[in-house]
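Everything below concerns the one structure shown next.
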Amino acid sequence: MPESAWSLHPQLKKDTIDIGDLPLSRVLVIRDANYPWLLLVPRRENAVEIIDLDEVAQAQLMTEIARVSRALKEITKCDKLNVAALGNMVPQLHVHVIARRTSDAAWPRPVWGVAEPLAHDAEEVQNFISAIRRKIWLG
């Protein structure tokens with residue numbers, strides 16, 4: 001499918017900072033400094049569930065989730081990774097990869113709705129994005 005048919009959901013665009021594109025997915029960072037939190041959004045029109053992707057794209061998504069997860073864990077030295085594709089609020093298929101610490105505001109609960117989003121320090125988030133880009137082979 002031509003990528004031109006795909007566009008990022010407006011809510012995801014509002015809530016994220018673009019990191020770059022892997023072969024299948026756009027990689028984004030959530031605008032919330034409470035947690036190191038990335039999103040992978042497969043660039044496929046009308047994909048809501050992982051099963052909406054063909055088997056090749058499903059395998060590619062798993063490869064990209066693993067690549068981003070390894071990078072996030074190495075960079076943050078987190079205690080646990082949370083990986084989820086919920087889509088209850090935004091129907092466009094997207095996978096959350098969140099670095100968790102036993103000391104974070106939500107531990108051990110899920111992160112949603114626990115703490116008000118915290119603005120990123122501009123320099124810190126750019127350093128984080130640069131580190132992620134290097135680790136996932138985007139630059």
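Each chain in the structure tokens gets a letter, A, B and so on, in the order shown; residues start at 1 in every chain, and ligands are counted from 1 in the order they appear.
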Can you check which residues of chain A DSSP gives as helix (DSSP H, G or I) on the backbone and send them as JSON, numbers by chain? {"A": [3, 4, 5, 10, 11, 12, 13, 14, 15, 50, 51, 52, 55, 56, 57, 58, 59, 60, 61, 62, 63, 64, 65, 66, 67, 68, 69, 70, 71, 72, 73, 74, 75, 76, 122, 123, 124, 125, 126, 127, 128, 129, 130, 131, 132, 133, 134, 135]}
Determine, counting only C-alpha atoms, which protein, DNA and RNA residues have an atom within 10 Å of an atom of A:Arg100; residues of the same chain fewer than 2 positions away are not included. Present the result as a PyMOL selection string. chain A and resi 34-37+73+76-82+97-98+102-108+110-111
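With distances restricted to only C-alpha atoms, A:Trp6 is the closest residue to A:Arg43 from A:Arg67, A:Gly87, A:Pro117, A:Trp6.
Inside chain A, the residues DSSP reads as strand (DSSP E or B) when given the backbone are A:Thr16, A:Ile17, A:Asp18, A:Ile19, A:Gly20, A:Asp21, A:Ser25, A:Arg26, A:Val27, A:Leu28, A:Val29, A:Ile30, A:Trp37, A:Leu38, A:Leu39, A:Leu40, A:Val41, A:Pro42, A:Lys80, A:Leu81, A:Asn82, A:Val83, A:Ala84, A:Val95, A:His96, A:Val97, A:Ile98, A:Ala99, A:Arg100.
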For the contact check between stretch 84-107 of chain A and stretch 50-66 of chain A, emit one row per residue of stretch 84-107 of chain A within 12 Å, containing the shortest atom pair and the distance in Å rounded to one decimal, counting only C-alpha atoms, chain then rising number order, as a Markdown table.
```
| residue | atom | partner | partner_atom | distance |
| --- | --- | --- | --- | --- |
| A:Ala84 | CA | A:Ile65 | CA | 10.1 |
| A:Ala85 | CA | A:Ile50 | CA | 8.2 |
| A:Leu86 | CA | A:Ile50 | CA | 10.4 |
| A:Gly87 | CA | A:Ile50 | CA | 10.8 |
| A:Pro91 | CA | A:Ile50 | CA | 11.7 |
| A:Gln92 | CA | A:Ile50 | CA | 10.4 |
| A:Leu93 | CA | A:Ile50 | CA | 7.1 |
| A:His94 | CA | A:Ile50 | CA | 8.9 |
| A:Val95 | CA | A:Ile65 | CA | 7.9 |
| A:His96 | CA | A:Ile65 | CA | 9.1 |
| A:Val97 | CA | A:Ile65 | CA | 7.7 |
| A:Ile98 | CA | A:Ile65 | CA | 11.2 |
```
Using N, CA, C and O atoms, can you write the selected residues to a file as a PDB file, in the first residue's frame?
```pdb
ATOM      1  N   ALA A  84       2.336  -2.425  25.157  1.00  0.00           N
ATOM      2  CA  ALA A  84       0.896  -2.631  25.026  1.00  0.00           C
ATOM      3  C   ALA A  84       0.355  -1.966  23.773  1.00  0.00           C
ATOM      4  O   ALA A  84       0.799  -0.888  23.395  1.00  0.00           O
ATOM      5  N   ALA A  85      -0.632  -2.619  23.169  1.00  0.00           N
ATOM      6  CA  ALA A  85      -1.394  -2.044  22.054  1.00  0.00           C
ATOM      7  C   ALA A  85      -2.850  -2.014  22.503  1.00  0.00           C
ATOM      8  O   ALA A  85      -3.564  -2.995  22.341  1.00  0.00           O
ATOM      9  N   LEU A  86      -3.267  -0.916  23.105  1.00  0.00           N
ATOM     10  CA  LEU A  86      -4.616  -0.826  23.660  1.00  0.00           C
ATOM     11  C   LEU A  86      -5.603  -0.229  22.667  1.00  0.00           C
ATOM     12  O   LEU A  86      -6.558  -0.863  22.283  1.00  0.00           O
ATOM     13  N   GLY A  87      -5.407   1.027  22.321  1.00  0.00           N
ATOM     14  CA  GLY A  87      -6.266   1.673  21.336  1.00  0.00           C
ATOM     15  C   GLY A  87      -7.669   1.975  21.805  1.00  0.00           C
ATOM     16  O   GLY A  87      -8.567   2.142  20.977  1.00  0.00           O
ATOM     17  N   PRO A  91      -8.173   4.948  17.969  1.00  0.00           N
ATOM     18  CA  PRO A  91      -8.338   3.676  17.267  1.00  0.00           C
ATOM     19  C   PRO A  91      -7.164   3.275  16.363  1.00  0.00           C
ATOM     20  O   PRO A  91      -7.003   2.098  16.079  1.00  0.00           O
ATOM     21  N   GLN A  92      -6.352   4.216  15.913  1.00  0.00           N
ATOM     22  CA  GLN A  92      -5.234   3.873  15.028  1.00  0.00           C
ATOM     23  C   GLN A  92      -4.274   2.944  15.767  1.00  0.00           C
ATOM     24  O   GLN A  92      -3.898   3.208  16.906  1.00  0.00           O
ATOM     25  N   LEU A  93      -3.883   1.855  15.121  1.00  0.00           N
ATOM     26  CA  LEU A  93      -2.965   0.905  15.734  1.00  0.00           C
ATOM     27  C   LEU A  93      -1.690   1.611  16.161  1.00  0.00           C
ATOM     28  O   LEU A  93      -1.043   2.286  15.369  1.00  0.00           O
ATOM     29  N   HIS A  94      -1.363   1.469  17.444  1.00  0.00           N
ATOM     30  CA  HIS A  94      -0.114   2.008  17.979  1.00  0.00           C
ATOM     31  C   HIS A  94       0.287   1.156  19.165  1.00  0.00           C
ATOM     32  O   HIS A  94      -0.554   0.620  19.882  1.00  0.00           O
ATOM     33  N   VAL A  95       1.600   0.999  19.342  1.00  0.00           N
ATOM     34  CA  VAL A  95       2.133   0.155  20.408  1.00  0.00           C
ATOM     35  C   VAL A  95       2.945   1.033  21.349  1.00  0.00           C
ATOM     36  O   VAL A  95       3.870   1.725  20.927  1.00  0.00           O
ATOM     37  N   HIS A  96       2.567   1.008  22.626  1.00  0.00           N
ATOM     38  CA  HIS A  96       3.275   1.741  23.668  1.00  0.00           C
ATOM     39  C   HIS A  96       4.455   0.903  24.152  1.00  0.00           C
ATOM     40  O   HIS A  96       4.306  -0.298  24.396  1.00  0.00           O
ATOM     41  N   VAL A  97       5.611   1.530  24.305  1.00  0.00           N
ATOM     42  CA  VAL A  97       6.773   0.898  24.917  1.00  0.00           C
ATOM     43  C   VAL A  97       7.231   1.875  25.999  1.00  0.00           C
ATOM     44  O   VAL A  97       7.726   2.962  25.690  1.00  0.00           O
ATOM     45  N   ILE A  98       7.004   1.486  27.256  1.00  0.00           N
ATOM     46  CA  ILE A  98       7.211   2.401  28.378  1.00  0.00           C
ATOM     47  C   ILE A  98       8.252   1.820  29.323  1.00  0.00           C
ATOM     48  O   ILE A  98       8.132   0.675  29.767  1.00  0.00           O
TER      49      ILE A  98
END
```
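With distances taken over only C-alpha atoms, A:Val68 is the one residue among A:Ile136, A:Asp15, A:Val68, A:Asn127 lying closest to A:Leu40.
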Skip A:Arg44 itself and residues of its chain fewer than 2 positions away, then list as a ChimeraX atom specification all residues within 10 Å of it, counting only C-alpha atoms. /A:1-8,24-25,41-42,46-48,52-53,57,92-93
Neighbours of A:Arg31 within 7 Å (only C-alpha atoms; same-chain residues fewer than 5 positions away dropped), as a ChimeraX atom specification? /A:15-17,119-120
Go ahead and save the residues from that selection, with N, CA, C and O atoms, as a PDB file, in the first residue's frame.
```pdb
ATOM      1  N   ASP A  15       0.070  14.548  20.946  1.00  0.00           N
ATOM      2  CA  ASP A  15       0.644  14.018  22.186  1.00  0.00           C
ATOM      3  C   ASP A  15       2.084  13.551  22.072  1.00  0.00           C
ATOM      4  O   ASP A  15       2.637  13.044  23.041  1.00  0.00           O
ATOM      5  N   THR A  16       2.701  13.701  20.883  1.00  0.00           N
ATOM      6  CA  THR A  16       4.002  13.080  20.662  1.00  0.00           C
ATOM      7  C   THR A  16       4.994  14.011  19.970  1.00  0.00           C
ATOM      8  O   THR A  16       4.622  15.045  19.421  1.00  0.00           O
ATOM      9  N   ILE A  17       6.240  13.558  19.991  1.00  0.00           N
ATOM     10  CA  ILE A  17       7.324  14.175  19.230  1.00  0.00           C
ATOM     11  C   ILE A  17       7.842  13.096  18.285  1.00  0.00           C
ATOM     12  O   ILE A  17       8.135  11.971  18.714  1.00  0.00           O
ATOM     13  N   ALA A 119       5.888  18.284  31.411  1.00  0.00           N
ATOM     14  CA  ALA A 119       6.587  18.772  30.219  1.00  0.00           C
ATOM     15  C   ALA A 119       8.045  18.331  30.252  1.00  0.00           C
ATOM     16  O   ALA A 119       8.682  18.318  31.310  1.00  0.00           O
ATOM     17  N   HIS A 120       8.550  17.989  29.095  1.00  0.00           N
ATOM     18  CA  HIS A 120       9.965  17.623  28.957  1.00  0.00           C
ATOM     19  C   HIS A 120      10.837  18.865  29.005  1.00  0.00           C
ATOM     20  O   HIS A 120      10.460  19.914  28.487  1.00  0.00           O
TER      21      HIS A 120
END
```
Selection near A:Ile129, 10 Å with only C-alpha atoms, sequence-local residues under 2 positions removed, as a list in words: Ile17, Asp18, Ile19, Gly20, Leu28, Val29, Glu123, Glu124, Val125, Gln126, Asn127, Ala131, Ile132, Arg133, Arg134 and Lys135 of chain A
Please save N, CA and C atoms of the selected residues as a JSON list (two decimals), in the first residue's frame.
```
[["chain", "number", "residue", "atom", "x", "y", "z"],
["A", 17, "ILE", "N", 6.24, 13.56, 19.99],
["A", 17, "ILE", "CA", 7.32, 14.17, 19.23],
["A", 17, "ILE", "C", 7.84, 13.10, 18.29],
["A", 18, "ASP", "N", 7.98, 13.43, 17.03],
["A", 18, "ASP", "CA", 8.42, 12.48, 16.00],
["A", 18, "ASP", "C", 9.91, 12.18, 16.17],
["A", 19, "ILE", "N", 10.25, 10.90, 16.17],
["A", 19, "ILE", "CA", 11.65, 10.47, 16.23],
["A", 19, "ILE", "C", 12.13, 10.06, 14.84],
["A", 20, "GLY", "N", 11.29, 9.35, 14.10],
["A", 20, "GLY", "CA", 11.68, 8.91, 12.76],
["A", 20, "GLY", "C", 10.93, 7.66, 12.38],
["A", 28, "LEU", "N", 7.69, 7.50, 17.89],
["A", 28, "LEU", "CA", 7.35, 8.76, 18.53],
["A", 28, "LEU", "C", 7.65, 8.68, 20.02],
["A", 29, "VAL", "N", 7.89, 9.83, 20.63],
["A", 29, "VAL", "CA", 8.03, 9.89, 22.08],
["A", 29, "VAL", "C", 6.81, 10.64, 22.62],
["A", 123, "GLU", "N", 16.27, 20.29, 26.28],
["A", 123, "GLU", "CA", 17.59, 19.68, 26.03],
["A", 123, "GLU", "C", 17.58, 18.20, 26.38],
["A", 124, "GLU", "N", 16.95, 17.84, 27.49],
["A", 124, "GLU", "CA", 16.91, 16.44, 27.89],
["A", 124, "GLU", "C", 16.17, 15.58, 26.87],
["A", 125, "VAL", "N", 15.04, 16.07, 26.38],
["A", 125, "VAL", "CA", 14.27, 15.25, 25.43],
["A", 125, "VAL", "C", 15.03, 15.14, 24.10],
["A", 126, "GLN", "N", 15.74, 16.17, 23.69],
["A", 126, "GLN", "CA", 16.54, 16.07, 22.46],
["A", 126, "GLN", "C", 17.69, 15.08, 22.64],
["A", 127, "ASN", "N", 18.32, 15.07, 23.81],
["A", 127, "ASN", "CA", 19.37, 14.08, 24.08],
["A", 127, "ASN", "C", 18.80, 12.66, 24.07],
["A", 131, "ALA", "N", 19.75, 9.67, 21.44],
["A", 131, "ALA", "CA", 20.20, 8.35, 21.91],
["A", 131, "ALA", "C", 19.33, 7.24, 21.33],
["A", 132, "ILE", "N", 18.02, 7.41, 21.34],
["A", 132, "ILE", "CA", 17.11, 6.41, 20.76],
["A", 132, "ILE", "C", 17.39, 6.25, 19.27],
["A", 133, "ARG", "N", 17.52, 7.35, 18.55],
["A", 133, "ARG", "CA", 17.79, 7.28, 17.10],
["A", 133, "ARG", "C", 19.05, 6.47, 16.81],
["A", 134, "ARG", "N", 20.10, 6.71, 17.59],
["A", 134, "ARG", "CA", 21.36, 5.95, 17.38],
["A", 134, "ARG", "C", 21.14, 4.46, 17.63],
["A", 135, "LYS", "N", 20.45, 4.14, 18.73],
["A", 135, "LYS", "CA", 20.29, 2.74, 19.12],
["A", 135, "LYS", "C", 19.38, 1.96, 18.19]]
```
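Pairwise distance (atom CA of A:Met89, atom CA of A:Ala33) equals 20.5 Å.
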